[in-house]
Amino acid sequence: MERRIDFWRERQMLCGRCDHRWRVDLDWIEWWDQVKETCPGCGMTCEHEDSPRVTIDSGDPALDDDRVAQFSWYHTSTQPDWPTRHFDPAASLTAETRRRMGGEQRVSAWAARQRAKALHAGTYEAAVHNMLRRMRDQADRRSQFSLYRVRLKPSVVVGEGWLVDPSDFVGDVMLDEVCPPGVDVARYLNYHEDPGGLSLALGREAIASVQRIAVPLPGTWDGDWVRDAVAALEGVSGTAVPATGTPARSMRLPSARAVLSRELGASLAGGLPVNLRAQFASAAAFTEGEDPEQWARRTSGLFDLIDDPARVLAALDRQDPREV
Ligand SMILES: [Zn+2]
């Protein structure tokens with residue numbers, strides 16, 4: 001069962017000092033982060049330790065234990081076979097690395113810790129947000145991502161209530177820290193991706209099946225934006241120009257095409273929720289020498305992940321589920 005997808009929805013804030021709860025839009029949060037807003041209850045700004053933070057919306061349907069396993073959950077990854085069945089994290093280590101890690105016993109212990117980490121799944125919005133963040137922060141801009149739709153086993157036991165985001169920023173959390181014996185799935189408040197949404201930490205055994213598509217889906221050629229962008233980009237020079245004057249050594253100015261692509265990307269970004277704009281612009285950056293049509297279709301596809309999720313879900317619907 002799909003939940004309503006809305007990247008623009010209002011969020012619920014909770015003040016740690018005065019317990020005031022209220023709803024805000026994403027623009028308000030942007031102002032708040034810039035210390036231009038205060039808690040309506042006590043006047044505190046974001047600079048204090050117990051200042052208001054985004055929290056779970058009391059109307060979130062995933063708060064209902066019985067419905068958790070009925071909902072579709074999502075995950076983005078550069079792995080084409082997530083969640084890998086016989087995952088051997090040590091497989092890609094070279095002999096040199098194994099030696100530096102302190103020998104085979106240490107390598108085995110490390111691999112066991114890696115395998116004991118929880119898997120994560122979240123809302124569609126959180127999965128897309130995760131991919132954009134990785135494209136910007138973790139040098140994955142050119143990586144091929146997959147979007148997974150996760151079906152849980154109907155019998156899963158859901159941990160009571162929800163946890164505050166237990167992961168550090170790279171998402172590492174040990175499964176047994178969040179799912180004690182008898183619990184298959186833990187809900188947590190996600191601060192970093194789709195802030196205020198509920199995500200899941202879970203083991204592989206909690207998943208019944210996944211469907212997968214490569215993302216972004218390329219934007220369609222007959223879409224006006226793609227056609228216009230390609231015509232504009234082909235009309236300007238794609239050659240980077242050496243800088244004149246000093247220091248000229250190895251310095252090059254971006255080509256007219258790269259400059260124009262940045263403007264085109266920024267104008268698309270302007271139509272997105274404010275909390276995704278910078279990541280989108282970074283993910284859509286043009287590489288000198290890149291084919292304009294390839295760039296335009298990819299950029300348009302990235303935009304559609306947020307602006308037209310129905311097309312993405314329809315592509316997922318056409319994929320056969322893979323049992324996990
Ligand atoms: Zn307050």
# chains A, B, ... in the order shown; residues from 1 in each chain; ligands from 1
$ residues_near_ligand --ligand "ligand 1" --cutoff "12 Å" --atoms "only C-alpha atoms and all ligand atoms" --output "list in words"
Met13, Leu14, Cys15, Gly16, Arg17, Cys18, Asp19, His20, Arg21, Trp22, Glu37, Thr38, Cys39, Pro40, Gly41, Cys42, Gly43, Met44, Thr45, Cys46, His48, Glu49, Asp50, Ser51, Pro52 and Arg53 of chain A
$ write_last_selection --atoms "C-alpha atoms" --output "CSV table (one decimal), in the first residue's frame"
chain,number,residue,atom,x,y,z
A,13,MET,CA,8.3,21.0,15.5
A,14,LEU,CA,8.8,20.3,19.2
A,15,CYS,CA,10.6,22.6,21.6
A,16,GLY,CA,13.0,20.9,24.0
A,17,ARG,CA,12.7,23.7,26.5
A,18,CYS,CA,9.0,24.7,26.6
A,19,ASP,CA,7.4,21.6,25.0
A,20,HIS,CA,5.6,23.8,22.5
A,21,ARG,CA,4.4,21.9,19.4
A,22,TRP,CA,3.5,23.5,16.2
A,37,GLU,CA,13.0,32.5,13.5
A,38,THR,CA,12.3,31.7,17.1
A,39,CYS,CA,10.2,29.2,19.1
A,40,PRO,CA,6.7,30.8,19.4
A,41,GLY,CA,6.5,29.4,22.9
A,42,CYS,CA,9.7,30.6,24.6
A,43,GLY,CA,11.4,32.7,21.9
A,44,MET,CA,14.5,30.5,21.7
A,45,THR,CA,16.6,30.3,18.5
A,46,CYS,CA,18.2,27.3,16.9
A,48,HIS,CA,20.6,26.5,21.9
A,49,GLU,CA,21.2,22.8,22.8
A,50,ASP,CA,17.6,22.0,23.7
A,51,SER,CA,16.1,24.2,21.0
A,52,PRO,CA,13.1,23.0,18.9
A,53,ARG,CA,13.6,20.2,16.4
$ select_by_dssp --residues "region 28-261 of chain A" --states "alpha helix (DSSP H)" --output "count of residues only"
63
$ residues_around --residues "His192 (chain A)" --least-positions-apart "4" --cutoff "12 Å" --atoms "only C-alpha atoms" --output "list in words"
Arg53, Val54, Thr55, Gly122, Glu125, Ala126, Ala127, Val128, His129, Asn130, Met131, Leu132, Arg133, Arg134, Val164, Asp165, Pro166, Ser167, Asp168, Phe169, Val170, Gly171, Tyr188, Gly196, Gly197, Leu198, Ser199, Asn275 and Leu276 of chain A
$ write_last_selection --atoms "C-alpha atoms" --output "PDB file, in the first residue's frame"
ATOM      1  CA  ARG A  53      13.635  20.215  16.373  1.00  0.00           C
ATOM      2  CA  VAL A  54      11.469  18.578  13.798  1.00  0.00           C
ATOM      3  CA  THR A  55       9.541  15.607  15.228  1.00  0.00           C
ATOM      4  CA  GLY A 122      12.074   4.719   4.710  1.00  0.00           C
ATOM      5  CA  GLU A 125      10.853  10.922  -0.008  1.00  0.00           C
ATOM      6  CA  ALA A 126      13.606   9.741   2.361  1.00  0.00           C
ATOM      7  CA  ALA A 127      15.042   7.346  -0.246  1.00  0.00           C
ATOM      8  CA  VAL A 128      15.267  10.067  -2.908  1.00  0.00           C
ATOM      9  CA  HIS A 129      16.686  12.520  -0.370  1.00  0.00           C
ATOM     10  CA  ASN A 130      19.327   9.933   0.613  1.00  0.00           C
ATOM     11  CA  MET A 131      20.441   9.532  -2.996  1.00  0.00           C
ATOM     12  CA  LEU A 132      20.752  13.291  -3.559  1.00  0.00           C
ATOM     13  CA  ARG A 133      22.744  13.651  -0.349  1.00  0.00           C
ATOM     14  CA  ARG A 134      25.141  10.894  -1.386  1.00  0.00           C
ATOM     15  CA  VAL A 164      15.211   9.169  17.932  1.00  0.00           C
ATOM     16  CA  ASP A 165      17.495   8.774  14.882  1.00  0.00           C
ATOM     17  CA  PRO A 166      19.955   6.180  16.245  1.00  0.00           C
ATOM     18  CA  SER A 167      22.461   6.345  13.410  1.00  0.00           C
ATOM     19  CA  ASP A 168      25.478   8.490  12.962  1.00  0.00           C
ATOM     20  CA  PHE A 169      25.595  10.448   9.750  1.00  0.00           C
ATOM     21  CA  VAL A 170      26.668   7.520   7.574  1.00  0.00           C
ATOM     22  CA  GLY A 171      23.737   5.477   8.810  1.00  0.00           C
ATOM     23  CA  TYR A 188      12.938   5.872  14.096  1.00  0.00           C
ATOM     24  CA  GLY A 196      10.404  14.277  10.611  1.00  0.00           C
ATOM     25  CA  GLY A 197       9.445  11.114   8.724  1.00  0.00           C
ATOM     26  CA  LEU A 198       9.552   7.598  10.148  1.00  0.00           C
ATOM     27  CA  SER A 199      12.247   5.282   8.797  1.00  0.00           C
ATOM     28  CA  ASN A 275      15.597  21.718   1.519  1.00  0.00           C
ATOM     29  CA  LEU A 276      16.517  19.796  -1.660  1.00  0.00           C
TER      30      LEU A 276
END
$ residues_around --residues "Glu288 (chain A)" --least-positions-apart "5" --cutoff "10 Å" --atoms "only C-alpha atoms" --output "list in words"
Gly238, Thr239, Ala240, Pro254, Ser255, Arg257 and Ala258 of chain A
$ closest_residue --among "A:Leu217, A:Glu30, A:Ser300, A:Pro195" --to "Arg9 (chain A)" --atoms "only C-alpha atoms"
A:Pro195
$ atom_distance --atom1 "CA of Phe303 (chain A)" --atom2 "CA of Thr220 (chain A)"
12.0 Å
$ residues_around --residues "Pro273 (chain A)" --least-positions-apart "5" --cutoff "8 Å" --atoms "only C-alpha atoms" --output "list in words"
Phe7, Trp8 and Leu26 of chain A
$ write_last_selection --atoms "N, CA and C atoms" --output "short mmCIF file (atom, residue, chain, number, x, y, z; two decimals), in the first residue's frame"
data_model
loop_
_atom_site.label_atom_id
_atom_site.label_comp_id
_atom_site.auth_asym_id
_atom_site.auth_seq_id
_atom_site.Cartn_x
_atom_site.Cartn_y
_atom_site.Cartn_z
N PHE A 7 6.74 15.86 -0.99
CA PHE A 7 8.01 16.42 -0.52
C PHE A 7 7.82 17.79 0.14
N TRP A 8 6.69 18.44 -0.14
CA TRP A 8 6.46 19.81 0.34
C TRP A 8 5.67 19.86 1.65
N LEU A 26 8.51 24.14 4.98
CA LEU A 26 9.96 23.98 4.80
C LEU A 26 10.68 25.33 4.74
#
$ select_by_dssp --residues "region 29-124 of chain A" --states "strand (DSSP E)" --output "PyMOL selection string"
chain A and resi 53-55+73-77+119-121
$ residues_around --residues "Asp291 (chain A)" --least-positions-apart "6" --cutoff "12 Å" --atoms "only C-alpha atoms" --output "VMD selection string"
chain A and resid 229 to 230 233 to 234 238 257 to 258 261 297 to 298
$ write_last_selection --atoms "C-alpha atoms" --output "PDB file, in the first residue's frame"
ATOM      1  CA  ALA A 229      17.714  22.629 -22.941  1.00  0.00           C
ATOM      2  CA  VAL A 230      19.501  20.566 -25.608  1.00  0.00           C
ATOM      3  CA  LEU A 233      23.280  23.953 -24.953  1.00  0.00           C
ATOM      4  CA  GLU A 234      24.136  22.978 -28.528  1.00  0.00           C
ATOM      5  CA  GLY A 238      31.431  23.425 -25.221  1.00  0.00           C
ATOM      6  CA  ARG A 257      27.945  25.309 -22.163  1.00  0.00           C
ATOM      7  CA  ALA A 258      28.894  24.486 -18.569  1.00  0.00           C
ATOM      8  CA  SER A 261      23.866  24.201 -17.827  1.00  0.00           C
ATOM      9  CA  ARG A 297      17.664  13.755 -19.850  1.00  0.00           C
ATOM     10  CA  ARG A 298      19.447  12.801 -16.648  1.00  0.00           C
TER      11      ARG A 298
END
$ residues_around --residues "Arg115 (chain A)" --least-positions-apart "2" --cutoff "12 Å" --atoms "only C-alpha atoms" --output "list in words"
Pro83, Thr84, Arg85, His86, Phe87, Asp88, Pro89, Ala90, Ser108, Ala109, Trp110, Ala111, Ala112, Arg113, Lys117, Ala118, Leu119, Asp172, Val173, Met174, Leu175, Asp176, Gly203 and Arg204 of chain A
$ write_last_selection --atoms "N, CA and C atoms" --output "mmCIF file, in the first residue's frame"
data_model
loop_
_atom_site.group_PDB
_atom_site.id
_atom_site.type_symbol
_atom_site.label_atom_id
_atom_site.label_comp_id
_atom_site.auth_asym_id
_atom_site.auth_seq_id
_atom_site.Cartn_x
_atom_site.Cartn_y
_atom_site.Cartn_z
ATOM 1 N N PRO A 83 19.016 -6.287 -0.798
ATOM 2 C CA PRO A 83 20.038 -6.556 0.228
ATOM 3 C C PRO A 83 20.777 -7.867 -0.111
ATOM 4 N N THR A 84 22.049 -7.762 -0.353
ATOM 5 C CA THR A 84 22.847 -8.873 -0.850
ATOM 6 C C THR A 84 22.740 -10.092 0.068
ATOM 7 N N ARG A 85 22.531 -11.262 -0.555
ATOM 8 C CA ARG A 85 22.263 -12.444 0.253
ATOM 9 C C ARG A 85 23.492 -12.902 1.047
ATOM 10 N N HIS A 86 24.558 -13.218 0.337
ATOM 11 C CA HIS A 86 25.754 -13.689 1.043
ATOM 12 C C HIS A 86 26.771 -12.553 1.050
ATOM 13 N N PHE A 87 26.445 -11.549 1.812
ATOM 14 C CA PHE A 87 27.239 -10.331 1.822
ATOM 15 C C PHE A 87 28.573 -10.570 2.506
ATOM 16 N N ASP A 88 29.663 -10.445 1.739
ATOM 17 C CA ASP A 88 30.994 -10.573 2.332
ATOM 18 C C ASP A 88 31.718 -9.237 2.205
ATOM 19 N N PRO A 89 31.654 -8.426 3.256
ATOM 20 C CA PRO A 89 32.249 -7.090 3.159
ATOM 21 C C PRO A 89 33.763 -7.145 2.964
ATOM 22 N N ALA A 90 34.380 -8.284 3.288
ATOM 23 C CA ALA A 90 35.839 -8.381 3.176
ATOM 24 C C ALA A 90 36.286 -8.801 1.775
ATOM 25 N N SER A 108 38.114 -10.868 9.944
ATOM 26 C CA SER A 108 36.862 -11.603 10.185
ATOM 27 C C SER A 108 35.981 -10.887 11.197
ATOM 28 N N ALA A 109 36.609 -10.365 12.255
ATOM 29 C CA ALA A 109 35.834 -9.659 13.282
ATOM 30 C C ALA A 109 35.197 -8.404 12.689
ATOM 31 N N TRP A 110 35.977 -7.699 11.858
ATOM 32 C CA TRP A 110 35.460 -6.496 11.200
ATOM 33 C C TRP A 110 34.278 -6.844 10.296
ATOM 34 N N ALA A 111 34.442 -7.930 9.510
ATOM 35 C CA ALA A 111 33.389 -8.351 8.576
ATOM 36 C C ALA A 111 32.116 -8.725 9.342
ATOM 37 N N ALA A 112 32.285 -9.376 10.490
ATOM 38 C CA ALA A 112 31.119 -9.766 11.293
ATOM 39 C C ALA A 112 30.371 -8.523 11.784
ATOM 40 N N ARG A 113 31.140 -7.495 12.187
ATOM 41 C CA ARG A 113 30.497 -6.243 12.620
ATOM 42 C C ARG A 113 29.740 -5.596 11.463
ATOM 43 N N LYS A 117 25.197 -4.904 10.969
ATOM 44 C CA LYS A 117 24.541 -3.602 10.870
ATOM 45 C C LYS A 117 23.108 -3.754 10.392
ATOM 46 N N ALA A 118 22.277 -2.827 10.854
ATOM 47 C CA ALA A 118 20.880 -2.834 10.410
ATOM 48 C C ALA A 118 20.784 -2.351 8.970
ATOM 49 N N LEU A 119 19.796 -2.848 8.248
ATOM 50 C CA LEU A 119 19.414 -2.264 6.966
ATOM 51 C C LEU A 119 18.456 -1.111 7.256
ATOM 52 N N ASP A 172 25.251 4.128 10.156
ATOM 53 C CA ASP A 172 25.679 2.870 10.763
ATOM 54 C C ASP A 172 25.001 2.658 12.110
ATOM 55 N N VAL A 173 24.209 1.604 12.211
ATOM 56 C CA VAL A 173 23.628 1.241 13.493
ATOM 57 C C VAL A 173 23.572 -0.280 13.551
ATOM 58 N N MET A 174 23.932 -0.820 14.712
ATOM 59 C CA MET A 174 23.926 -2.272 14.860
ATOM 60 C C MET A 174 22.491 -2.743 15.047
ATOM 61 N N LEU A 175 22.143 -3.812 14.354
ATOM 62 C CA LEU A 175 20.764 -4.305 14.397
ATOM 63 C C LEU A 175 20.338 -4.646 15.828
ATOM 64 N N ASP A 176 21.214 -5.330 16.584
ATOM 65 C CA ASP A 176 20.775 -5.763 17.919
ATOM 66 C C ASP A 176 20.671 -4.602 18.909
ATOM 67 N N GLY A 203 16.431 -6.106 9.904
ATOM 68 C CA GLY A 203 17.317 -7.134 9.389
ATOM 69 C C GLY A 203 16.793 -7.660 8.066
ATOM 70 N N ARG A 204 17.656 -8.357 7.367
ATOM 71 C CA ARG A 204 17.299 -8.903 6.067
ATOM 72 C C ARG A 204 16.088 -9.833 6.153
#
$ closest_residue --among "A:Met1, A:Ala69, A:Ala186, A:Ile29" --to "Pro154 (chain A)" --atoms "only C-alpha atoms"
A:Ala69
$ closest_residue --among "A:Val158, A:Ile5, A:Leu163, A:Met135" --to "Tyr74 (chain A)" --atoms "only C-alpha atoms"
A:Ile5
$ closest_residue --among "A:Lys36, A:Arg98, A:Arg4, A:Arg136" --to "Arg277 (chain A)" --atoms "only C-alpha atoms"
A:Arg136
$ closest_residue --among "A:Ser155, A:Ser282, A:Gln211, A:Gln294" --to "Arg67 (chain A)" --atoms "only C-alpha atoms"
A:Ser155
$ decode --residues "region 186-209 of chain A" --atoms "N, CA and C atoms" --output "PDB file, in the first residue's frame"
ATOM      1  N   ALA A 186      12.458  -1.737  13.781  1.00  0.00           N
ATOM      2  CA  ALA A 186      12.356  -0.585  14.692  1.00  0.00           C
ATOM      3  C   ALA A 186      12.087   0.670  13.875  1.00  0.00           C
ATOM      4  N   ARG A 187      11.138   1.469  14.344  1.00  0.00           N
ATOM      5  CA  ARG A 187      10.871   2.751  13.680  1.00  0.00           C
ATOM      6  C   ARG A 187      11.737   3.826  14.318  1.00  0.00           C
ATOM      7  N   TYR A 188      12.220   4.742  13.504  1.00  0.00           N
ATOM      8  CA  TYR A 188      12.938   5.872  14.096  1.00  0.00           C
ATOM      9  C   TYR A 188      12.643   7.177  13.369  1.00  0.00           C
ATOM     10  N   LEU A 189      12.767   8.243  14.116  1.00  0.00           N
ATOM     11  CA  LEU A 189      12.597   9.595  13.585  1.00  0.00           C
ATOM     12  C   LEU A 189      13.834   9.935  12.769  1.00  0.00           C
ATOM     13  N   ASN A 190      13.650  10.167  11.487  1.00  0.00           N
ATOM     14  CA  ASN A 190      14.767  10.500  10.613  1.00  0.00           C
ATOM     15  C   ASN A 190      14.957  12.024  10.591  1.00  0.00           C
ATOM     16  N   TYR A 191      16.128  12.467  11.035  1.00  0.00           N
ATOM     17  CA  TYR A 191      16.418  13.904  11.028  1.00  0.00           C
ATOM     18  C   TYR A 191      17.017  14.370   9.710  1.00  0.00           C
ATOM     19  N   HIS A 192      17.700  13.446   9.015  1.00  0.00           N
ATOM     20  CA  HIS A 192      18.534  13.883   7.891  1.00  0.00           C
ATOM     21  C   HIS A 192      17.850  13.779   6.538  1.00  0.00           C
ATOM     22  N   GLU A 193      16.964  12.790   6.391  1.00  0.00           N
ATOM     23  CA  GLU A 193      16.325  12.551   5.101  1.00  0.00           C
ATOM     24  C   GLU A 193      14.825  12.551   5.301  1.00  0.00           C
ATOM     25  N   ASP A 194      14.112  13.324   4.499  1.00  0.00           N
ATOM     26  CA  ASP A 194      12.684  13.529   4.740  1.00  0.00           C
ATOM     27  C   ASP A 194      12.480  13.844   6.222  1.00  0.00           C
ATOM     28  N   PRO A 195      13.096  14.922   6.706  1.00  0.00           N
ATOM     29  CA  PRO A 195      13.137  15.188   8.160  1.00  0.00           C
ATOM     30  C   PRO A 195      11.749  15.137   8.795  1.00  0.00           C
ATOM     31  N   GLY A 196      11.666  14.420   9.904  1.00  0.00           N
ATOM     32  CA  GLY A 196      10.404  14.277  10.611  1.00  0.00           C
ATOM     33  C   GLY A 196       9.635  13.040  10.189  1.00  0.00           C
ATOM     34  N   GLY A 197      10.111  12.343   9.154  1.00  0.00           N
ATOM     35  CA  GLY A 197       9.445  11.114   8.724  1.00  0.00           C
ATOM     36  C   GLY A 197       9.919   9.924   9.542  1.00  0.00           C
ATOM     37  N   LEU A 198       9.157   8.832   9.475  1.00  0.00           N
ATOM     38  CA  LEU A 198       9.552   7.598  10.148  1.00  0.00           C
ATOM     39  C   LEU A 198      10.306   6.714   9.163  1.00  0.00           C
ATOM     40  N   SER A 199      11.498   6.271   9.564  1.00  0.00           N
ATOM     41  CA  SER A 199      12.247   5.282   8.797  1.00  0.00           C
ATOM     42  C   SER A 199      12.323   4.005   9.609  1.00  0.00           C
ATOM     43  N   LEU A 200      12.783   2.937   8.964  1.00  0.00           N
ATOM     44  CA  LEU A 200      12.881   1.643   9.629  1.00  0.00           C
ATOM     45  C   LEU A 200      14.323   1.163   9.667  1.00  0.00           C
ATOM     46  N   ALA A 201      14.721   0.595  10.805  1.00  0.00           N
ATOM     47  CA  ALA A 201      15.955  -0.186  10.892  1.00  0.00           C
ATOM     48  C   ALA A 201      15.498  -1.630  11.007  1.00  0.00           C
ATOM     49  N   LEU A 202      16.095  -2.504  10.194  1.00  0.00           N
ATOM     50  CA  LEU A 202      15.594  -3.875  10.145  1.00  0.00           C
ATOM     51  C   LEU A 202      16.673  -4.830   9.673  1.00  0.00           C
ATOM     52  N   GLY A 203      16.431  -6.106   9.904  1.00  0.00           N
ATOM     53  CA  GLY A 203      17.317  -7.134   9.389  1.00  0.00           C
ATOM     54  C   GLY A 203      16.793  -7.660   8.066  1.00  0.00           C
ATOM     55  N   ARG A 204      17.656  -8.357   7.367  1.00  0.00           N
ATOM     56  CA  ARG A 204      17.299  -8.903   6.067  1.00  0.00           C
ATOM     57  C   ARG A 204      16.088  -9.833   6.153  1.00  0.00           C
ATOM     58  N   GLU A 205      15.975 -10.529   7.296  1.00  0.00           N
ATOM     59  CA  GLU A 205      14.923 -11.527   7.451  1.00  0.00           C
ATOM     60  C   GLU A 205      13.528 -10.896   7.509  1.00  0.00           C
ATOM     61  N   ALA A 206      13.471  -9.599   7.747  1.00  0.00           N
ATOM     62  CA  ALA A 206      12.158  -8.949   7.841  1.00  0.00           C
ATOM     63  C   ALA A 206      11.581  -8.630   6.466  1.00  0.00           C
ATOM     64  N   ILE A 207      12.423  -8.763   5.426  1.00  0.00           N
ATOM     65  CA  ILE A 207      12.000  -8.362   4.078  1.00  0.00           C
ATOM     66  C   ILE A 207      11.480  -9.571   3.304  1.00  0.00           C
ATOM     67  N   ALA A 208      10.291  -9.419   2.712  1.00  0.00           N
ATOM     68  CA  ALA A 208       9.740 -10.502   1.881  1.00  0.00           C
ATOM     69  C   ALA A 208      10.303 -10.415   0.471  1.00  0.00           C
ATOM     70  N   SER A 209      10.216  -9.237  -0.132  1.00  0.00           N
ATOM     71  CA  SER A 209      10.666  -9.087  -1.516  1.00  0.00           C
ATOM     72  C   SER A 209      10.980  -7.628  -1.808  1.00  0.00           C
TER      73      SER A 209
END
